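Comments concern the structure below.
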Amino acid sequence: MAKTHIDSTPPAPPKRLRLFVASEGGFTTHQLPESGEVTVGRDPSCGVVVDDKSVAPRHAILSLGPPVRVEDMGSGLATSVGEERVGAGHAVELAPGDIVHFGGVIAMVEGRGTAPPRRIFPHGYFELRLEEECNRAARYHSTFAMLRIACDPACPPAVIEEVVASAVRLVDIVAADGPGDYEVLLLDTPPDDVRLVVSRLEEQLGERAAKPRISVAHYPRDGRSADALFARATGEPALRTPHEPVPPPGPMQDLYRMVERIASSDISVIIFGETGVGKERLAEAVHKNSRRVGLPFLRLNCAALTETLLESELFGHEKGAFTGAAAAKAGLLESANGGSVFLDEVGDMPMPTQVKLLRVIEERAVRRVGAIKTTPIDVRFVAATNRDLELEVQRGAFRKDLYFRLNGVSIFVPPLRERVEEIEGLSRLLITEACKRMARAKEPELTAETLAFLQQYPWPGNIRELRNVLERAVLLCTGNKLELSHLPAEKMASHFAMRRLEPTQALTPPPPVPTPIPMSISTPPPPLLRSPLAPADLREQLAQAERQRIVEALNRCAGNQTEAALSLGISRRTLVKRLATFNIPRPRKRQGSEP
């Protein structure tokens, strides 16, 4: 008869619960009894003493169960579990990883070995969920955090996963990314609560000799995209924006080389250019090539910055600063600390706002509404405008001192009509993007005639206009070829006062060029755009029409080049270039006129 082996080893005692507490004084861990109730409060007679003014002398009761419950003692100071307020006399059950707020203190009950089993997802699924969470947080203005946990590969995965499972909630996402490497997505979790989770993980993994290294990325403070958050958490450069075209040799490639040179410093940058040329994309390139990559990139439309918006949104406010200010709120500039601030349309900024912005740039600090002290900020300013700021300074519409503060480096983005070599690549890229938005499987191909028209049209709306034209064309195109008939050719030609006529119609010449006032410039009227269009002749026709436009603008403005450039929607520098290109003599300087 076989002997039955009886294990005489006594069963391991149940592992004690601990309360992990984070306050302004730091982090503390309190051993809890195996059963019964424990009072939490500031009074020395409490089972868990929390020395913080936001905690009542006898604040709450922990019933150790199982299950563990928390109950407020009616002190008048708040007790909550996550977003749920705990009322006096009402006990709320705590799940593993739940965060409890006692006044201004946050805490978590820890029970080793008691966490339920949970699924550890692969890295690919984590990336997908991170993208989804970025979109959701942008839509609902929520916040979350991403953790990267690197442990000693020799530590058993089961040990690491047990600790992680006990430290986070069941709704949070945990994924493995190689031996000893894990990722955690803490959903709807404010930064203070994230600090508590990180400290708890570091303590527990350290006790298990896992040698943890934990990095954190917060949405939206550290980035608003999965790429930016990964870059912040891993310390690696952000990936290039998907489908971002590499400019061909030419003016834009030279500009991107300049951006790479100036991005490493913190010097302020102003980007000049017509509407739609891609000034914001260039500002993003400055940010992505700098040491601030992965940190916030705050976009501000200066034309919309009224004084009221500036005070309440840009600088933030303290609690009770005005009616309705129930809690302190950090301003946009404060939330962008460490990153870059993009001042779009800075030439349209109201004068009172310019004064306040100048102070921020000079002091590198903001003062919340109702605050006594200023809060230091570390941001880089990148501005953009389609106006001639030197002229605005002369007119008194823009502060000279603010202009000099912002104008560390000037970048002039040429209009699309001066970047003809880019149009083919940009067009194919924009067609691809339009097809994806419309869920169209096969992309139509550009015909040679259509491409010739796109390359010869002067694009007053630049890349923005090109995108709109091609999106419309893709919508109208039902075959495999994107033809000229899919473009709004007549509307585009009318920009130059040209008409597309049927072959049977008589051609009526346009009115003669007005007699110049301060100068003598004559030019033959441009030939009419006939139908069908001739790609070989179209460039010459449009060039003559553009020359005519410039001549008429100079005539209207009595030869004043700055005013003519403003009426044409281009910079004075571009106008001077155009005069040389079209062989137009520059107007002579008149008494009292500009140089």
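Naming works like this for the structure tokens: A, B, ... for the chains as they're shown, residue 1 at the start of each chain, ligands 1 onward in shown order.
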
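Proximity to segment 32-37 of chain A at 6 Å, evaluated using only C-alpha atoms and with sequence-adjacent residues fewer than 3 positions away removed, yields A:Arg16, A:Leu17, A:Arg18, A:Leu62, A:Ser63, A:Leu64.
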
Let's have the selection written as an mmCIF file, in the first residue's frame, with C-alpha atoms.
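So the final result, stored in part-v8.cif, reads:
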data_model
loop_
_atom_site.group_PDB
_atom_site.id
_atom_site.type_symbol
_atom_site.label_atom_id
_atom_site.label_comp_id
_atom_site.auth_asym_id
_atom_site.auth_seq_id
_atom_site.Cartn_x
_atom_site.Cartn_y
_atom_site.Cartn_z
ATOM 1 C CA ARG A 16 -1.532 42.038 5.514
ATOM 2 C CA LEU A 17 -3.162 44.987 3.801
ATOM 3 C CA ARG A 18 -1.366 48.298 3.592
ATOM 4 C CA LEU A 62 -11.875 51.749 6.600
ATOM 5 C CA SER A 63 -13.722 48.439 7.071
ATOM 6 C CA LEU A 64 -11.234 45.700 6.229
#

Could you name the residues that touch Val68 of chain A at 9 Å or less, counting only C-alpha atoms, but leaving out those on the same chain fewer than 5 positions away, as a PDB file with all heavy atoms, in the first residue's frame?
ATOM      1  N   LEU A  62     -12.143  52.855   7.516  1.00  0.00           N
ATOM      2  CA  LEU A  62     -11.875  51.749   6.600  1.00  0.00           C
ATOM      3  C   LEU A  62     -12.344  50.463   7.256  1.00  0.00           C
ATOM      4  O   LEU A  62     -11.892  50.104   8.348  1.00  0.00           O
ATOM      5  CB  LEU A  62     -10.376  51.643   6.294  1.00  0.00           C
ATOM      6  CG  LEU A  62      -9.779  52.647   5.308  1.00  0.00           C
ATOM      7  CD1 LEU A  62      -8.267  52.456   5.233  1.00  0.00           C
ATOM      8  CD2 LEU A  62     -10.397  52.497   3.930  1.00  0.00           C
ATOM      9  N   SER A  63     -13.299  49.761   6.618  1.00  0.00           N
ATOM     10  CA  SER A  63     -13.722  48.439   7.071  1.00  0.00           C
ATOM     11  C   SER A  63     -12.954  47.418   6.249  1.00  0.00           C
ATOM     12  O   SER A  63     -13.050  47.404   5.016  1.00  0.00           O
ATOM     13  CB  SER A  63     -15.233  48.257   6.862  1.00  0.00           C
ATOM     14  OG  SER A  63     -15.936  49.249   7.595  1.00  0.00           O
ATOM     15  N   VAL A  92     -18.581  52.613   0.686  1.00  0.00           N
ATOM     16  CA  VAL A  92     -18.316  52.304  -0.714  1.00  0.00           C
ATOM     17  C   VAL A  92     -17.239  51.234  -0.781  1.00  0.00           C
ATOM     18  O   VAL A  92     -16.194  51.350  -0.133  1.00  0.00           O
ATOM     19  CB  VAL A  92     -17.867  53.565  -1.487  1.00  0.00           C
ATOM     20  CG1 VAL A  92     -17.445  53.213  -2.909  1.00  0.00           C
ATOM     21  CG2 VAL A  92     -18.977  54.604  -1.506  1.00  0.00           C
ATOM     22  N   GLU A  93     -17.485  50.182  -1.549  1.00  0.00           N
ATOM     23  CA  GLU A  93     -16.533  49.088  -1.664  1.00  0.00           C
ATOM     24  C   GLU A  93     -15.349  49.501  -2.550  1.00  0.00           C
ATOM     25  O   GLU A  93     -15.524  50.168  -3.576  1.00  0.00           O
ATOM     26  CB  GLU A  93     -17.230  47.867  -2.261  1.00  0.00           C
ATOM     27  CG  GLU A  93     -16.369  46.625  -2.309  1.00  0.00           C
ATOM     28  CD  GLU A  93     -17.141  45.410  -2.768  1.00  0.00           C
ATOM     29  OE1 GLU A  93     -18.347  45.305  -2.426  1.00  0.00           O
ATOM     30  OE2 GLU A  93     -16.551  44.567  -3.482  1.00  0.00           O
ATOM     31  N   LEU A  94     -14.145  49.085  -2.154  1.00  0.00           N
ATOM     32  CA  LEU A  94     -12.932  49.412  -2.899  1.00  0.00           C
ATOM     33  C   LEU A  94     -12.452  48.202  -3.676  1.00  0.00           C
ATOM     34  O   LEU A  94     -12.272  47.121  -3.112  1.00  0.00           O
ATOM     35  CB  LEU A  94     -11.818  49.867  -1.940  1.00  0.00           C
ATOM     36  CG  LEU A  94     -12.088  51.130  -1.120  1.00  0.00           C
ATOM     37  CD1 LEU A  94     -10.897  51.424  -0.206  1.00  0.00           C
ATOM     38  CD2 LEU A  94     -12.358  52.307  -2.033  1.00  0.00           C
ATOM     39  N   ALA A  95     -12.249  48.380  -4.953  1.00  0.00           N
ATOM     40  CA  ALA A  95     -11.663  47.338  -5.794  1.00  0.00           C
ATOM     41  C   ALA A  95     -10.155  47.531  -5.839  1.00  0.00           C
ATOM     42  O   ALA A  95      -9.655  48.632  -5.538  1.00  0.00           O
ATOM     43  CB  ALA A  95     -12.252  47.421  -7.205  1.00  0.00           C
ATOM     44  N   VAL A 109      -5.499  51.341  -1.074  1.00  0.00           N
ATOM     45  CA  VAL A 109      -5.358  50.136  -0.254  1.00  0.00           C
ATOM     46  C   VAL A 109      -4.668  49.080  -1.091  1.00  0.00           C
ATOM     47  O   VAL A 109      -5.052  48.817  -2.230  1.00  0.00           O
ATOM     48  CB  VAL A 109      -6.719  49.624   0.245  1.00  0.00           C
ATOM     49  CG1 VAL A 109      -6.549  48.310   1.000  1.00  0.00           C
ATOM     50  CG2 VAL A 109      -7.378  50.663   1.136  1.00  0.00           C
TER      51      VAL A 109
END

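Of the residues listed (A:Leu579, A:Val55, A:Ile570, A:Ile431), A:Ile431 shows the shortest atom-to-atom separation from Lys481 of chain A; distances use only C-alpha atoms.
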
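Between atom CA of Leu300 of chain A and atom CA of Leu333 of chain A the interatomic distance comes to 9.8 Å.
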
Practice item. Please report, as a VMD selection string, each residue of segment 184-273 of chain A to which DSSP assigns helix (DSSP H, G or I) when run on this structure's backbone. Key: chain A and resid 191 to 207 226 to 234 251 to 262

Counting only C-alpha atoms, what is within 6 Å of segment 454-457 of chain A, bar same-chain residues fewer than 2 positions away, as an mmCIF file with C-alpha atoms, in the first residue's frame?
data_model
loop_
_atom_site.group_PDB
_atom_site.id
_atom_site.type_symbol
_atom_site.label_atom_id
_atom_site.label_comp_id
_atom_site.auth_asym_id
_atom_site.auth_seq_id
_atom_site.Cartn_x
_atom_site.Cartn_y
_atom_site.Cartn_z
ATOM 1 C CA VAL A 420 6.127 74.402 -59.020
ATOM 2 C CA LEU A 451 -1.111 68.088 -63.982
ATOM 3 C CA ALA A 452 0.004 70.791 -66.426
ATOM 4 C CA TRP A 459 -2.597 79.282 -56.531
ATOM 5 C CA ARG A 539 2.078 78.901 -68.335
#

Review point. Val174 of chain A: which residues within 12 Å, counting only C-alpha atoms, same-chain residues fewer than 3 positions away excluded, as number ranges by chain?
Key: A: 117-127, 129-130, 146-149, 160-171, 177, 181-187

Restricted to N, CA and C atoms, what would the selected residues look like written as a JSON list (two decimals), in the first residue's frame?
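Generated output (again.json):
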[["chain", "number", "residue", "atom", "x", "y", "z"],
["A", 117, "PRO", "N", -6.79, 37.77, -11.50],
["A", 117, "PRO", "CA", -5.99, 37.61, -12.72],
["A", 117, "PRO", "C", -6.48, 38.55, -13.80],
["A", 118, "ARG", "N", -5.58, 39.05, -14.59],
["A", 118, "ARG", "CA", -5.96, 39.96, -15.66],
["A", 118, "ARG", "C", -5.16, 39.63, -16.90],
["A", 119, "ARG", "N", -5.66, 40.08, -18.02],
["A", 119, "ARG", "CA", -5.00, 39.80, -19.29],
["A", 119, "ARG", "C", -3.88, 40.78, -19.53],
["A", 120, "ILE", "N", -2.74, 40.28, -19.97],
["A", 120, "ILE", "CA", -1.61, 41.12, -20.37],
["A", 120, "ILE", "C", -1.61, 41.15, -21.90],
["A", 121, "PHE", "N", -1.84, 42.33, -22.45],
["A", 121, "PHE", "CA", -2.02, 42.46, -23.90],
["A", 121, "PHE", "C", -0.67, 42.58, -24.61],
["A", 122, "PRO", "N", -0.64, 42.31, -25.91],
["A", 122, "PRO", "CA", 0.59, 42.52, -26.69],
["A", 122, "PRO", "C", 0.79, 44.01, -26.98],
["A", 123, "HIS", "N", 2.01, 44.37, -27.38],
["A", 123, "HIS", "CA", 2.36, 45.77, -27.64],
["A", 123, "HIS", "C", 1.49, 46.37, -28.75],
["A", 124, "GLY", "N", 1.20, 45.59, -29.81],
["A", 124, "GLY", "CA", 0.40, 46.10, -30.92],
["A", 124, "GLY", "C", -0.98, 46.56, -30.47],
["A", 125, "TYR", "N", -1.61, 45.79, -29.59],
["A", 125, "TYR", "CA", -2.92, 46.18, -29.08],
["A", 125, "TYR", "C", -2.82, 47.46, -28.25],
["A", 126, "PHE", "N", -1.74, 47.58, -27.48],
["A", 126, "PHE", "CA", -1.55, 48.77, -26.65],
["A", 126, "PHE", "C", -1.45, 50.02, -27.53],
["A", 127, "GLU", "N", -0.69, 49.92, -28.63],
["A", 127, "GLU", "CA", -0.57, 51.07, -29.54],
["A", 127, "GLU", "C", -1.93, 51.49, -30.08],
["A", 129, "ARG", "N", -4.91, 50.99, -28.67],
["A", 129, "ARG", "CA", -5.71, 51.60, -27.61],
["A", 129, "ARG", "C", -5.21, 53.00, -27.27],
["A", 130, "LEU", "N", -3.91, 53.21, -27.36],
["A", 130, "LEU", "CA", -3.36, 54.54, -27.08],
["A", 130, "LEU", "C", -3.87, 55.55, -28.11],
["A", 146, "MET", "N", 0.37, 57.45, -19.64],
["A", 146, "MET", "CA", 0.98, 56.22, -20.15],
["A", 146, "MET", "C", 2.26, 55.96, -19.36],
["A", 147, "LEU", "N", 2.44, 54.72, -18.86],
["A", 147, "LEU", "CA", 3.64, 54.34, -18.12],
["A", 147, "LEU", "C", 4.46, 53.36, -18.94],
["A", 148, "ARG", "N", 5.77, 53.51, -18.87],
["A", 148, "ARG", "CA", 6.70, 52.52, -19.42],
["A", 148, "ARG", "C", 7.49, 51.97, -18.23],
["A", 149, "ILE", "N", 7.40, 50.65, -17.99],
["A", 149, "ILE", "CA", 8.05, 50.01, -16.85],
["A", 149, "ILE", "C", 9.14, 49.08, -17.37],
["A", 160, "ILE", "N", 6.38, 40.37, -11.73],
["A", 160, "ILE", "CA", 6.12, 41.75, -12.19],
["A", 160, "ILE", "C", 4.64, 41.94, -12.47],
["A", 161, "GLU", "N", 4.03, 40.95, -13.15],
["A", 161, "GLU", "CA", 2.62, 41.08, -13.52],
["A", 161, "GLU", "C", 1.72, 41.07, -12.30],
["A", 162, "GLU", "N", 2.11, 40.33, -11.26],
["A", 162, "GLU", "CA", 1.31, 40.33, -10.03],
["A", 162, "GLU", "C", 1.33, 41.71, -9.38],
["A", 163, "VAL", "N", 2.51, 42.34, -9.34],
["A", 163, "VAL", "CA", 2.62, 43.66, -8.74],
["A", 163, "VAL", "C", 1.83, 44.69, -9.54],
["A", 164, "VAL", "N", 2.00, 44.66, -10.87],
["A", 164, "VAL", "CA", 1.31, 45.63, -11.72],
["A", 164, "VAL", "C", -0.20, 45.45, -11.60],
["A", 165, "ALA", "N", -0.67, 44.21, -11.57],
["A", 165, "ALA", "CA", -2.10, 43.95, -11.47],
["A", 165, "ALA", "C", -2.70, 44.48, -10.18],
["A", 166, "SER", "N", -1.91, 44.43, -9.09],
["A", 166, "SER", "CA", -2.42, 44.92, -7.80],
["A", 166, "SER", "C", -2.35, 46.44, -7.69],
["A", 167, "ALA", "N", -1.59, 47.09, -8.57],
["A", 167, "ALA", "CA", -1.38, 48.54, -8.46],
["A", 167, "ALA", "C", -2.31, 49.35, -9.34],
["A", 168, "VAL", "N", -2.92, 48.71, -10.35],
["A", 168, "VAL", "CA", -3.78, 49.47, -11.26],
["A", 168, "VAL", "C", -5.18, 48.87, -11.27],
["A", 169, "ARG", "N", -6.13, 49.61, -11.83],
["A", 169, "ARG", "CA", -7.52, 49.16, -11.86],
["A", 169, "ARG", "C", -7.75, 48.17, -13.00],
["A", 170, "LEU", "N", -8.86, 47.46, -12.92],
["A", 170, "LEU", "CA", -9.19, 46.49, -13.96],
["A", 170, "LEU", "C", -9.48, 47.18, -15.29],
["A", 171, "VAL", "N", -9.92, 48.46, -15.26],
["A", 171, "VAL", "CA", -10.24, 49.16, -16.50],
["A", 171, "VAL", "C", -8.97, 49.64, -17.22],
["A", 177, "ASP", "N", 6.04, 44.31, -23.56],
["A", 177, "ASP", "CA", 6.79, 44.77, -24.73],
["A", 177, "ASP", "C", 8.20, 44.18, -24.72],
["A", 181, "ASP", "N", 9.86, 44.37, -19.82],
["A", 181, "ASP", "CA", 9.32, 45.66, -20.25],
["A", 181, "ASP", "C", 7.79, 45.58, -20.34],
["A", 182, "TYR", "N", 7.13, 46.53, -19.66],
["A", 182, "TYR", "CA", 5.66, 46.57, -19.64],
["A", 182, "TYR", "C", 5.19, 48.00, -19.89],
["A", 183, "GLU", "N", 3.95, 48.10, -20.40],
["A", 183, "GLU", "CA", 3.31, 49.39, -20.65],
["A", 183, "GLU", "C", 1.96, 49.41, -19.96],
["A", 184, "VAL", "N", 1.60, 50.57, -19.40],
["A", 184, "VAL", "CA", 0.31, 50.70, -18.70],
["A", 184, "VAL", "C", -0.38, 51.96, -19.18],
["A", 185, "LEU", "N", -1.67, 51.86, -19.45],
["A", 185, "LEU", "CA", -2.50, 53.00, -19.82],
["A", 185, "LEU", "C", -3.45, 53.26, -18.67],
["A", 186, "LEU", "N", -3.24, 54.38, -17.95],
["A", 186, "LEU", "CA", -4.08, 54.75, -16.81],
["A", 186, "LEU", "C", -5.16, 55.69, -17.32],
["A", 187, "LEU", "N", -6.38, 55.18, -17.49],
["A", 187, "LEU", "CA", -7.46, 55.94, -18.11],
["A", 187, "LEU", "C", -8.08, 56.93, -17.13]]

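Using only C-alpha atoms, the nearest neighbour of Met252 of chain A within the list A:Arg419, A:Lys373, A:Arg586, A:Arg380 is A:Arg419.
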
Check your understanding: Could you pull the residues within 10 Å of Phe381 of chain A, counting only C-alpha atoms, minus those fewer than 6 positions along the same chain, as a PyMOL selection string?
Key -> chain A and resi 266-270+283+287+298+339-343+361+405-408

Write a file of the selected residues as a short mmCIF file (atom, residue, chain, number, x, y, z; two decimals), in the first residue's frame, keeping N, CA and C atoms.
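Below is the file that was written, part-v7.cif:
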data_model
loop_
_atom_site.label_atom_id
_atom_site.label_comp_id
_atom_site.auth_asym_id
_atom_site.auth_seq_id
_atom_site.Cartn_x
_atom_site.Cartn_y
_atom_site.Cartn_z
N ASP A 266 16.83 77.93 -28.40
CA ASP A 266 15.52 78.39 -27.94
C ASP A 266 15.17 79.75 -28.50
N ILE A 267 15.86 80.19 -29.56
CA ILE A 267 15.61 81.50 -30.14
C ILE A 267 14.20 81.56 -30.71
N SER A 268 13.54 82.72 -30.56
CA SER A 268 12.19 82.89 -31.10
C SER A 268 12.25 82.98 -32.63
N VAL A 269 11.17 82.56 -33.26
CA VAL A 269 11.12 82.48 -34.72
C VAL A 269 9.83 83.13 -35.21
N ILE A 270 9.93 83.91 -36.29
CA ILE A 270 8.74 84.41 -36.99
C ILE A 270 8.74 83.82 -38.40
N ALA A 283 6.21 75.52 -38.47
CA ALA A 283 6.33 75.72 -37.02
C ALA A 283 6.40 74.38 -36.29
N HIS A 287 9.42 72.66 -33.82
CA HIS A 287 9.19 71.97 -32.54
C HIS A 287 9.72 70.54 -32.56
N LEU A 298 1.55 74.10 -28.27
CA LEU A 298 0.30 74.85 -28.07
C LEU A 298 0.06 75.79 -29.23
N GLY A 339 7.35 73.09 -23.51
CA GLY A 339 7.14 72.90 -24.94
C GLY A 339 7.26 74.18 -25.74
N SER A 340 6.49 74.25 -26.82
CA SER A 340 6.53 75.39 -27.73
C SER A 340 5.14 76.00 -27.84
N VAL A 341 5.10 77.31 -28.05
CA VAL A 341 3.83 78.03 -28.24
C VAL A 341 3.83 78.63 -29.64
N PHE A 342 2.85 78.25 -30.44
CA PHE A 342 2.74 78.74 -31.82
C PHE A 342 1.71 79.86 -31.86
N LEU A 343 2.17 81.08 -32.14
CA LEU A 343 1.31 82.26 -32.22
C LEU A 343 0.92 82.47 -33.67
N ILE A 361 6.82 87.16 -22.32
CA ILE A 361 8.04 86.79 -23.04
C ILE A 361 9.26 87.35 -22.32
N ARG A 405 11.26 91.19 -29.95
CA ARG A 405 11.33 90.03 -29.07
C ARG A 405 11.04 88.73 -29.83
N LEU A 406 10.07 88.81 -30.74
CA LEU A 406 9.67 87.61 -31.48
C LEU A 406 10.59 87.31 -32.65
N ASN A 407 11.20 88.36 -33.22
CA ASN A 407 11.95 88.22 -34.46
C ASN A 407 13.41 87.85 -34.20
N GLY A 408 13.61 86.68 -33.56
CA GLY A 408 14.97 86.19 -33.40
C GLY A 408 15.52 85.69 -34.73
#

Exercise for review: Enter the distance from atom CA of Met73 of chain A to atom CA of Gly104 of chain A, in Å, rounded to one decimal.
Suggested key: 16.0 Å

Review point. Per DSSP on the backbone, what are the strand (DSSP E) residues of segment 310-342 of chain A, as a PyMOL selection string?
Key: chain A and resi 316-317+329-330+340-342

Now that the selection is made, can you save its residues with N, CA and C atoms as a PDB file, in the first residue's frame?
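Saved result, again-v6.pdb, follows:
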ATOM      1  N   GLY A 316      -4.928  81.571 -16.753  1.00  0.00           N
ATOM      2  CA  GLY A 316      -5.504  80.788 -15.670  1.00  0.00           C
ATOM      3  C   GLY A 316      -5.959  81.670 -14.523  1.00  0.00           C
ATOM      4  N   HIS A 317      -6.453  81.065 -13.461  1.00  0.00           N
ATOM      5  CA  HIS A 317      -6.954  81.848 -12.323  1.00  0.00           C
ATOM      6  C   HIS A 317      -6.854  81.042 -11.045  1.00  0.00           C
ATOM      7  N   LYS A 329      -7.282  77.087 -11.650  1.00  0.00           N
ATOM      8  CA  LYS A 329      -7.137  76.515 -12.989  1.00  0.00           C
ATOM      9  C   LYS A 329      -5.869  77.042 -13.640  1.00  0.00           C
ATOM     10  N   ALA A 330      -5.024  76.127 -14.124  1.00  0.00           N
ATOM     11  CA  ALA A 330      -3.814  76.540 -14.844  1.00  0.00           C
ATOM     12  C   ALA A 330      -4.189  77.042 -16.229  1.00  0.00           C
ATOM     13  N   SER A 340       6.491  74.253 -26.824  1.00  0.00           N
ATOM     14  CA  SER A 340       6.527  75.393 -27.732  1.00  0.00           C
ATOM     15  C   SER A 340       5.136  75.998 -27.840  1.00  0.00           C
ATOM     16  N   VAL A 341       5.096  77.314 -28.049  1.00  0.00           N
ATOM     17  CA  VAL A 341       3.832  78.026 -28.237  1.00  0.00           C
ATOM     18  C   VAL A 341       3.830  78.626 -29.636  1.00  0.00           C
ATOM     19  N   PHE A 342       2.851  78.252 -30.445  1.00  0.00           N
ATOM     20  CA  PHE A 342       2.738  78.740 -31.820  1.00  0.00           C
ATOM     21  C   PHE A 342       1.709  79.863 -31.858  1.00  0.00           C
TER      22      PHE A 342
END

**Study point:** From A:Glu445, A:Glu71, A:Glu133, A:Glu260, residue lying nearest His90 of chain A [only C-alpha atoms]
**Key:**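 Distance minimum relative to His90 of chain A lands on A:Glu71.
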